[in-house]
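Everything on this sheet refers to the single structure shown next.
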Protein chains: 2
Amino acid sequence: MKKIRIGIFGYGNLGRGVESAIRQNEDMELVAVFTRRPPETVRINTEGVEVCHVDNVLNFVDKIDVMILCGGSATDLPTQTPDLVKYFNVVDSFDTHARIPEHFANVDKEGKEGKHLGIISCGWDPGMFSLNRLYASAILPDGKDYTFWGKGVSQGHSDAIRRIEGVVDAKQYTIPVESALEAVRSGSNPELTTREKHTRECFVVAAEGADLARIENEIKTMPNYFADYDTTVHFISKEELIANHSGIPHGGFVIRSGKTGFNGEHNHIIEYSLKLDSNPEFTSSVIVASARAVFRMYNEGKTGCVTMFDVPPAYLSSKSAEELRKTML
Amino acid sequence: MKKIRIGIFGYGNLGRGVESAIRQNEDMELVAVFTRRPPETVRINTEGVEVCHVDNVLNFVDKIDVMILCGGSATDLPTQTPDLVKYFNVVDSFDTHARIPEHFANVDKEGKEGKHLGIISCGWDPGMFSLNRLYASAILPDGKDYTFWGKGVSQGHSDAIRRIEGVVDAKQYTIPVESALEAVRSGSNPELTTREKHTRECFVVAAEGADLARIENEIKTMPNYFADYDTTVHFISKEELIANHSGIPHGGFVIRSGKTGFNGEHNHIIEYSLKLDSNPEFTSSVIVASARAVFRMYNEGKTGCVTMFDVPPAYLSSKSAEELRKTML
């Protein structure tokens with residue numbers, strides 16, 4: 001069997017996650033890692049794989065079947081994905097929900113012109129959570145969706161705390177409110193405010209002599225980030241932060257509660273949940289399965305842009321259709 | 001918008017569920033219900049819809065876009081689905097897991113010859129549970145799957161109890177063992193025996209003067225059905241059975257626990273669960289969404305047989321691809 005030849009474009013947490021996920025999929029091989037840094041300064045975990053500067057990516061046009069883009073959604077992907085889909089089949093994890101239609105249109109246009117296929121917004125939200133919202137709403141049209149995130153580390157919120165004067169380091173956890181989850185699971189279809197759905201817990205290392213009361217107040221009243229939530233702040237030592245809060249766990253719940261019957265007399269709860277030790281590694285695992293799908297759809301003649309909504313589930317698996325029907329259906 | 005014209009073939013619990021689900025989907029209309037009984041003896045819940053004898057089904061070849069088969073997997077569907085796919089696009093909920101490859105081959109052959117498309121084994125297991133096994137194993141190749149059923153009514157086990165001498169009526173619940181679920185969720189990847197995964201609880205109405213100890217013993221030692229499980233038997237009155245055990249609830253859990261990272265250092269739990277007030281109505285709701293998908297795939301030129309593994313998720317929804325990307329991704 002000829003392996004699917006993968007390139008990694010950008011080598012941070014996500015790129016390393018993709019690298020390790022490729023090792024778990026025998027039908028794939030990593031060909032090269034592309035970086036904006038001087039390549040000789042980047043050490044990767046796979047022997048015999050080239051590290052190249054991003055400027056040389058077009059040398060690999062005939063050597064890579066799918067390029068996996070591991071940059072950020074704010075500034076990298078909006079230009080990188082449309083640029084690279086001209087020359088490669090691509091996968092990204094673009095996660096700025098509000099800008100997905102625009103990003104889709106850009107990638108679709110360039111992909112069609114360049115005769116390649118891109119799949120965007122692969123991961124868990126967007127990604128597996130989106131798929132579960134779609135399946136559940138298609139099955140139970142008369143119902144209501146709920147998405148809860150956590151318990152997990154929010155990078156954006158942790159960064160916001162670190163920008164406060166007197167803060168040395170910080171980690172912020174988003175935590176779903178158990179009683180809200182239970183209300184949704186009961187089928188009562190509650191209307192929930194932001195404050196009722198999630199709490200925020202912050203572990204903060206303050207500079208020596210810093211005014212802790214002021215820091216706590218600045219966190220709790222920060223608009224958009226914390227003001228609409230019940231927030232708890234714990235001041236801890238640098239050592240404790242490193243020992244207990246170095247991981248990047250995350251997860252969450254997608255629940256649909258819906259009714260069936262001639263008089264809506266029966267209720268049903270569909271719940272999908274994730275409990276992830278490593279947010280970037282799980283996202284990477286979804287991305288790598290999506291790379292397989294994009295390769296197959298491209299080989300069937302598809303170009304432009306798709307999302308996981310367009311992918312026949314069997315295309316994500318390394319197993320044959322016959323084997324899937326026999327063992328998993 | 002031209003509606004998708006649906007026929008219901010077989011009018012039991014499932015057929016009625018399909019009838020009520022069609023009402024929740026504005027892009028569909030019910031054209032006719034087909035029955036083996038004398039049509040004049042069958043009263044349906046939708047006004048203005050014909051009830052016809054199954055023998056006259058071919059009169060509807062140009063009037064029905066998708067025929068939904070609501071018969072049983074033991075004797076009805078193995079012949080009905082291949083027979084009808086010659087003339088109609090069809091959906092069934094064939095659930096004899098071991099015979100799916102054979103059923104698929106039969107429907108695929110007749111569908112290709114008759115230039116129609118069939119989708120088989122739609123529902124929740126097979127169906128949504130299968131999809132979740134597939135997605136989760138594609139994402140986490142280094143992992144282990146667990147499926148738990150219940151709490152819910154098992155029709156086959158209830159029937160088995162009713163065949164015991166001295167039993168007037170009975171209802172059997174399959175119940176997942178909470179400690180086994182927790183062990184799986186912990187990521188410890190336990191090996192679980194049949195007895196460790198589920199218990200069985202039976203509510204039995206005995207004939208007056210029947211030997212209760214004998215009945216209980218016959219239930220608990222019944223091979224295949226109960227001998228491998230911890231089984232509880234409650235003798236109750238006919239009235240209590242009707243009052244408290246008339247529903248057909250069901251549900252269950254599909255959990256995958258898998259590892260990522262260069263040394264498998266991170267664990268992830270993917271869990272999908274259903275809590276259903278009405279097993280047949282939920283199955284019907286999946287079937288009706290699948291009817292939409294089969295109609296779309298047929299219009300793209302696809303013939304033969306597919307399963308939910310082959311269906312791009314967006315095809316199940318009445319919403320457009322643009323709307324789905326904007327609102328659910």
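A note on labels: chains of the structure tokens are A, B, ... as shown, every chain counts residues from 1, and ligands are counted from 1 in their shown order.
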Secondary structure check, strand (DSSP E) residues of stretch 141-291 of chain B, as a VMD selection string: chain B and resid 143 to 149 152 to 153 167 to 176 198 to 206 230 to 235 250 to 260 266 to 276
Compute the chain B side of the contact with chain A at 7 Å, counting only C-alpha atoms, and hand it back as JSON, numbers by chain. {"B": [17, 20, 21, 24, 97, 101, 126, 127, 130, 133, 134, 135, 138, 139, 140, 141, 142, 260, 261, 262, 266, 267, 268, 269, 270, 271, 272, 273, 274, 275, 276, 277, 278, 281, 285, 286, 289, 309, 310, 311, 312, 313, 314, 316, 317, 325, 326, 328, 329]}
Could you please write out, as a PyMOL selection string, every residue of stretch 111-283 of chain A that DSSP assigns to alpha helix (DSSP H)? chain A and resi 111-114+128-139+155-162+178-185+194-197+212-220+238-244+279-283
Contacts of A:Val177 at 7 Å (only C-alpha atoms; same-chain gap of 5+ positions) as a short mmCIF file (atom, residue, chain, number, x, y, z; two decimals) with all heavy atoms, in the first residue's frame:
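Final output, out-v2.cif:
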```cif
data_model
loop_
_atom_site.label_atom_id
_atom_site.label_comp_id
_atom_site.auth_asym_id
_atom_site.auth_seq_id
_atom_site.Cartn_x
_atom_site.Cartn_y
_atom_site.Cartn_z
N GLU A 196 -24.87 31.16 34.14
CA GLU A 196 -25.43 29.89 34.63
C GLU A 196 -24.76 28.67 34.02
O GLU A 196 -24.88 27.56 34.53
CB GLU A 196 -26.94 29.86 34.36
CG GLU A 196 -27.74 30.77 35.30
CD GLU A 196 -29.17 30.97 34.83
OE1 GLU A 196 -29.46 30.81 33.63
OE2 GLU A 196 -30.02 31.29 35.69
N LYS A 197 -24.09 28.84 32.87
CA LYS A 197 -23.53 27.68 32.18
C LYS A 197 -22.10 27.33 32.60
O LYS A 197 -21.74 26.16 32.66
CB LYS A 197 -23.56 27.89 30.66
CG LYS A 197 -24.96 27.77 30.06
CD LYS A 197 -24.94 27.94 28.55
CE LYS A 197 -24.34 26.75 27.84
NZ LYS A 197 -24.21 26.97 26.39
N HIS A 198 -21.29 28.35 32.82
CA HIS A 198 -19.88 28.09 33.11
C HIS A 198 -19.37 28.97 34.25
O HIS A 198 -19.81 30.10 34.40
CB HIS A 198 -19.00 28.39 31.88
CG HIS A 198 -19.31 27.53 30.70
ND1 HIS A 198 -20.18 27.91 29.72
CD2 HIS A 198 -18.86 26.31 30.35
CE1 HIS A 198 -20.25 26.96 28.80
NE2 HIS A 198 -19.46 25.97 29.16
N THR A 199 -18.41 28.43 35.02
CA THR A 199 -17.65 29.26 35.95
C THR A 199 -16.20 29.29 35.47
O THR A 199 -15.81 28.49 34.63
CB THR A 199 -17.69 28.70 37.39
OG1 THR A 199 -17.20 27.35 37.37
CG2 THR A 199 -19.10 28.70 37.94
#
```
Need to verify the contact set: B:Leu30, 9 Å, only C-alpha atoms, exclusion of same-chain residues closer than 3 positions in sequence. Can you return it as a list in words?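 Near B:Leu30, the qualifying residues are Ile4, Arg5, Ile6, Gly7, Ile8, Glu19, Ile22, Arg23, Val33, Thr46, Val49 and Ile64 of chain B.
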Using only C-alpha atoms, which residues sit within 10 Å of B:Cys202 once same-chain residues fewer than 3 positions away are excluded, as a PyMOL selection string? chain B and resi 153+157-158+161+170-174+205+216+219-220+231-236
Can you spit out the residues from that selection as a compact mmCIF listing (two decimals), in the first residue's frame, using all heavy atoms?
```txt
# COMPACT_ATOMS: atom_id res chain seq x y z
N VAL B 153 -35.90 -1.35 27.69
CA VAL B 153 -36.69 -2.57 27.55
C VAL B 153 -36.14 -3.41 26.40
O VAL B 153 -35.99 -2.91 25.29
CB VAL B 153 -38.16 -2.23 27.26
CG1 VAL B 153 -38.94 -3.50 26.92
CG2 VAL B 153 -38.78 -1.52 28.45
N HIS B 157 -35.97 -10.33 25.27
CA HIS B 157 -35.88 -10.93 26.60
C HIS B 157 -37.25 -10.94 27.28
O HIS B 157 -37.58 -11.89 28.01
CB HIS B 157 -34.86 -10.17 27.45
CG HIS B 157 -33.46 -10.46 27.05
ND1 HIS B 157 -32.89 -9.91 25.93
CD2 HIS B 157 -32.50 -11.25 27.61
CE1 HIS B 157 -31.64 -10.35 25.81
NE2 HIS B 157 -31.38 -11.16 26.82
N SER B 158 -38.04 -9.91 27.06
CA SER B 158 -39.40 -9.90 27.63
C SER B 158 -40.20 -11.06 27.05
O SER B 158 -40.91 -11.79 27.76
CB SER B 158 -40.10 -8.57 27.31
OG SER B 158 -39.36 -7.49 27.82
N ILE B 161 -39.34 -14.46 28.58
CA ILE B 161 -39.96 -14.70 29.90
C ILE B 161 -41.43 -15.09 29.72
O ILE B 161 -41.93 -15.99 30.39
CB ILE B 161 -39.86 -13.44 30.79
CG1 ILE B 161 -38.39 -13.07 31.02
CG2 ILE B 161 -40.57 -13.66 32.13
CD1 ILE B 161 -38.20 -11.74 31.74
N ALA B 170 -44.77 -9.99 31.05
CA ALA B 170 -43.46 -9.64 31.63
C ALA B 170 -42.80 -8.53 30.84
O ALA B 170 -43.06 -8.35 29.65
CB ALA B 170 -42.55 -10.88 31.65
N LYS B 171 -41.95 -7.81 31.54
CA LYS B 171 -41.14 -6.76 30.90
C LYS B 171 -39.73 -6.87 31.47
O LYS B 171 -39.55 -6.95 32.68
CB LYS B 171 -41.73 -5.38 31.27
CG LYS B 171 -41.64 -4.32 30.20
CD LYS B 171 -42.59 -4.56 29.03
CE LYS B 171 -42.55 -3.50 27.96
NZ LYS B 171 -43.59 -2.50 28.04
N GLN B 172 -38.74 -6.85 30.59
CA GLN B 172 -37.36 -6.99 31.02
C GLN B 172 -36.55 -5.74 30.69
O GLN B 172 -36.60 -5.24 29.58
CB GLN B 172 -36.73 -8.21 30.34
CG GLN B 172 -35.40 -8.64 30.92
CD GLN B 172 -34.16 -7.99 30.27
OE1 GLN B 172 -33.07 -8.21 30.72
NE2 GLN B 172 -34.31 -7.14 29.26
N TYR B 173 -35.81 -5.24 31.69
CA TYR B 173 -34.93 -4.09 31.48
C TYR B 173 -33.47 -4.52 31.48
O TYR B 173 -33.04 -5.27 32.36
CB TYR B 173 -35.13 -3.04 32.58
CG TYR B 173 -36.52 -2.43 32.58
CD1 TYR B 173 -37.54 -2.98 33.33
CD2 TYR B 173 -36.78 -1.30 31.81
CE1 TYR B 173 -38.83 -2.42 33.32
CE2 TYR B 173 -38.05 -0.73 31.79
CZ TYR B 173 -39.07 -1.30 32.54
OH TYR B 173 -40.32 -0.75 32.52
N THR B 174 -32.73 -4.03 30.50
CA THR B 174 -31.28 -4.20 30.47
C THR B 174 -30.69 -2.95 31.11
O THR B 174 -31.06 -1.83 30.76
CB THR B 174 -30.80 -4.32 29.01
OG1 THR B 174 -31.50 -5.40 28.39
CG2 THR B 174 -29.31 -4.55 28.93
N VAL B 205 -45.69 -10.85 35.72
CA VAL B 205 -47.04 -11.12 36.22
C VAL B 205 -47.25 -12.63 36.11
O VAL B 205 -47.23 -13.18 35.01
CB VAL B 205 -48.10 -10.38 35.37
CG1 VAL B 205 -49.50 -10.67 35.92
CG2 VAL B 205 -47.81 -8.88 35.34
N GLU B 216 -38.92 -18.04 38.75
CA GLU B 216 -37.71 -17.25 38.96
C GLU B 216 -36.46 -18.03 38.57
O GLU B 216 -35.56 -17.50 37.92
CB GLU B 216 -37.63 -16.80 40.43
CG GLU B 216 -36.39 -15.98 40.71
CD GLU B 216 -36.45 -15.19 42.03
OE1 GLU B 216 -37.54 -15.07 42.60
OE2 GLU B 216 -35.39 -14.70 42.45
N ILE B 219 -36.13 -18.35 34.78
CA ILE B 219 -35.63 -17.12 34.17
C ILE B 219 -34.12 -17.02 34.36
O ILE B 219 -33.35 -16.88 33.40
CB ILE B 219 -36.32 -15.88 34.78
CG1 ILE B 219 -37.82 -15.85 34.44
CG2 ILE B 219 -35.65 -14.59 34.29
CD1 ILE B 219 -38.61 -14.76 35.17
N LYS B 220 -33.70 -17.12 35.63
CA LYS B 220 -32.30 -16.84 35.95
C LYS B 220 -31.32 -17.82 35.32
O LYS B 220 -30.14 -17.49 35.13
CB LYS B 220 -32.11 -16.84 37.47
CG LYS B 220 -32.77 -15.64 38.13
CD LYS B 220 -32.47 -15.60 39.63
CE LYS B 220 -32.89 -14.27 40.23
NZ LYS B 220 -32.68 -14.23 41.69
N THR B 231 -29.38 -11.38 37.42
CA THR B 231 -30.77 -11.09 37.07
C THR B 231 -31.62 -10.96 38.33
O THR B 231 -31.48 -11.75 39.26
CB THR B 231 -31.34 -12.22 36.19
OG1 THR B 231 -30.54 -12.33 35.01
CG2 THR B 231 -32.78 -11.96 35.80
N THR B 232 -32.46 -9.94 38.35
CA THR B 232 -33.39 -9.74 39.46
C THR B 232 -34.80 -9.95 38.93
O THR B 232 -35.13 -9.45 37.84
CB THR B 232 -33.30 -8.29 39.99
OG1 THR B 232 -31.93 -7.95 40.12
CG2 THR B 232 -34.02 -8.17 41.33
N VAL B 233 -35.63 -10.68 39.68
CA VAL B 233 -37.01 -10.93 39.26
C VAL B 233 -37.97 -10.36 40.29
O VAL B 233 -37.84 -10.62 41.49
CB VAL B 233 -37.26 -12.45 39.10
CG1 VAL B 233 -38.72 -12.72 38.73
CG2 VAL B 233 -36.32 -13.04 38.05
N HIS B 234 -38.89 -9.52 39.83
CA HIS B 234 -39.95 -8.98 40.70
C HIS B 234 -41.29 -9.50 40.19
O HIS B 234 -41.60 -9.33 39.02
CB HIS B 234 -39.99 -7.45 40.62
CG HIS B 234 -38.67 -6.79 40.85
ND1 HIS B 234 -38.16 -6.56 42.11
CD2 HIS B 234 -37.75 -6.32 39.99
CE1 HIS B 234 -36.99 -5.95 42.00
NE2 HIS B 234 -36.72 -5.80 40.73
N PHE B 235 -42.06 -10.09 41.10
CA PHE B 235 -43.42 -10.47 40.72
C PHE B 235 -44.35 -9.32 41.07
O PHE B 235 -44.37 -8.85 42.21
CB PHE B 235 -43.83 -11.76 41.42
CG PHE B 235 -43.07 -12.96 40.89
CD1 PHE B 235 -41.94 -13.44 41.55
CD2 PHE B 235 -43.47 -13.57 39.71
CE1 PHE B 235 -41.23 -14.52 41.04
CE2 PHE B 235 -42.77 -14.65 39.20
CZ PHE B 235 -41.63 -15.13 39.86
N ILE B 236 -45.10 -8.87 40.09
CA ILE B 236 -46.01 -7.73 40.32
C ILE B 236 -47.38 -8.06 39.72
O ILE B 236 -47.54 -9.05 39.01
CB ILE B 236 -45.46 -6.42 39.70
CG1 ILE B 236 -45.29 -6.57 38.19
CG2 ILE B 236 -44.15 -6.01 40.36
CD1 ILE B 236 -44.90 -5.28 37.48
```
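With atom CA of A:Ile119 on one side and atom CA of A:Gly15 on the other, the separation reads 16.8 Å.
Taking atom CA of A:Phe88 and atom CA of A:Leu69 as the two end points, the separation is 10.9 Å.
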List as number ranges by chain the protein and nucleic acid residues near A:Asn89, meaning an atom at most 10 Å away when only C-alpha atoms are counted, but skip any in the same chain fewer than 4 places from it. A: 6, 61, 64-68, 81, 84-85, 111, 114-119, 291, 294-295, 298, 303-305
For atom CA of B:Arg200 and atom CA of B:Asn13, the interatomic separation in Å (one decimal):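 Spanning atom CA of B:Arg200 to atom CA of B:Asn13 is a straight-line distance of 23.7 Å.
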Using only C-alpha atoms, which protein or nucleic acid residues come within 9 Å of B:Glu50? Drop anything in the same chain fewer than 6 positions from it, and give the result as a list in words.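 Neighbouring residues, sequence-local ones excluded: Val31, Ala32, Val33, Phe34 and Pro39 of chain B.
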Write out the residues from the selection above, keeping C-alpha atoms, as a PDB file, in the first residue's frame.
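This is the output file part04.pdb:
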```
ATOM      1  CA  VAL B  31     -47.969   9.641   0.357  1.00  0.00           C
ATOM      2  CA  ALA B  32     -49.168   6.191   1.392  1.00  0.00           C
ATOM      3  CA  VAL B  33     -48.975   3.507   4.046  1.00  0.00           C
ATOM      4  CA  PHE B  34     -48.697  -0.117   2.920  1.00  0.00           C
ATOM      5  CA  PRO B  39     -56.334  -1.770   4.361  1.00  0.00           C
TER       6      PRO B  39
END
```
Under the rule that only C-alpha atoms are counted, which of A:Asp230, A:Gly301, A:Ile215, A:Phe94 is the nearest residue to A:Trp124? A:Phe94
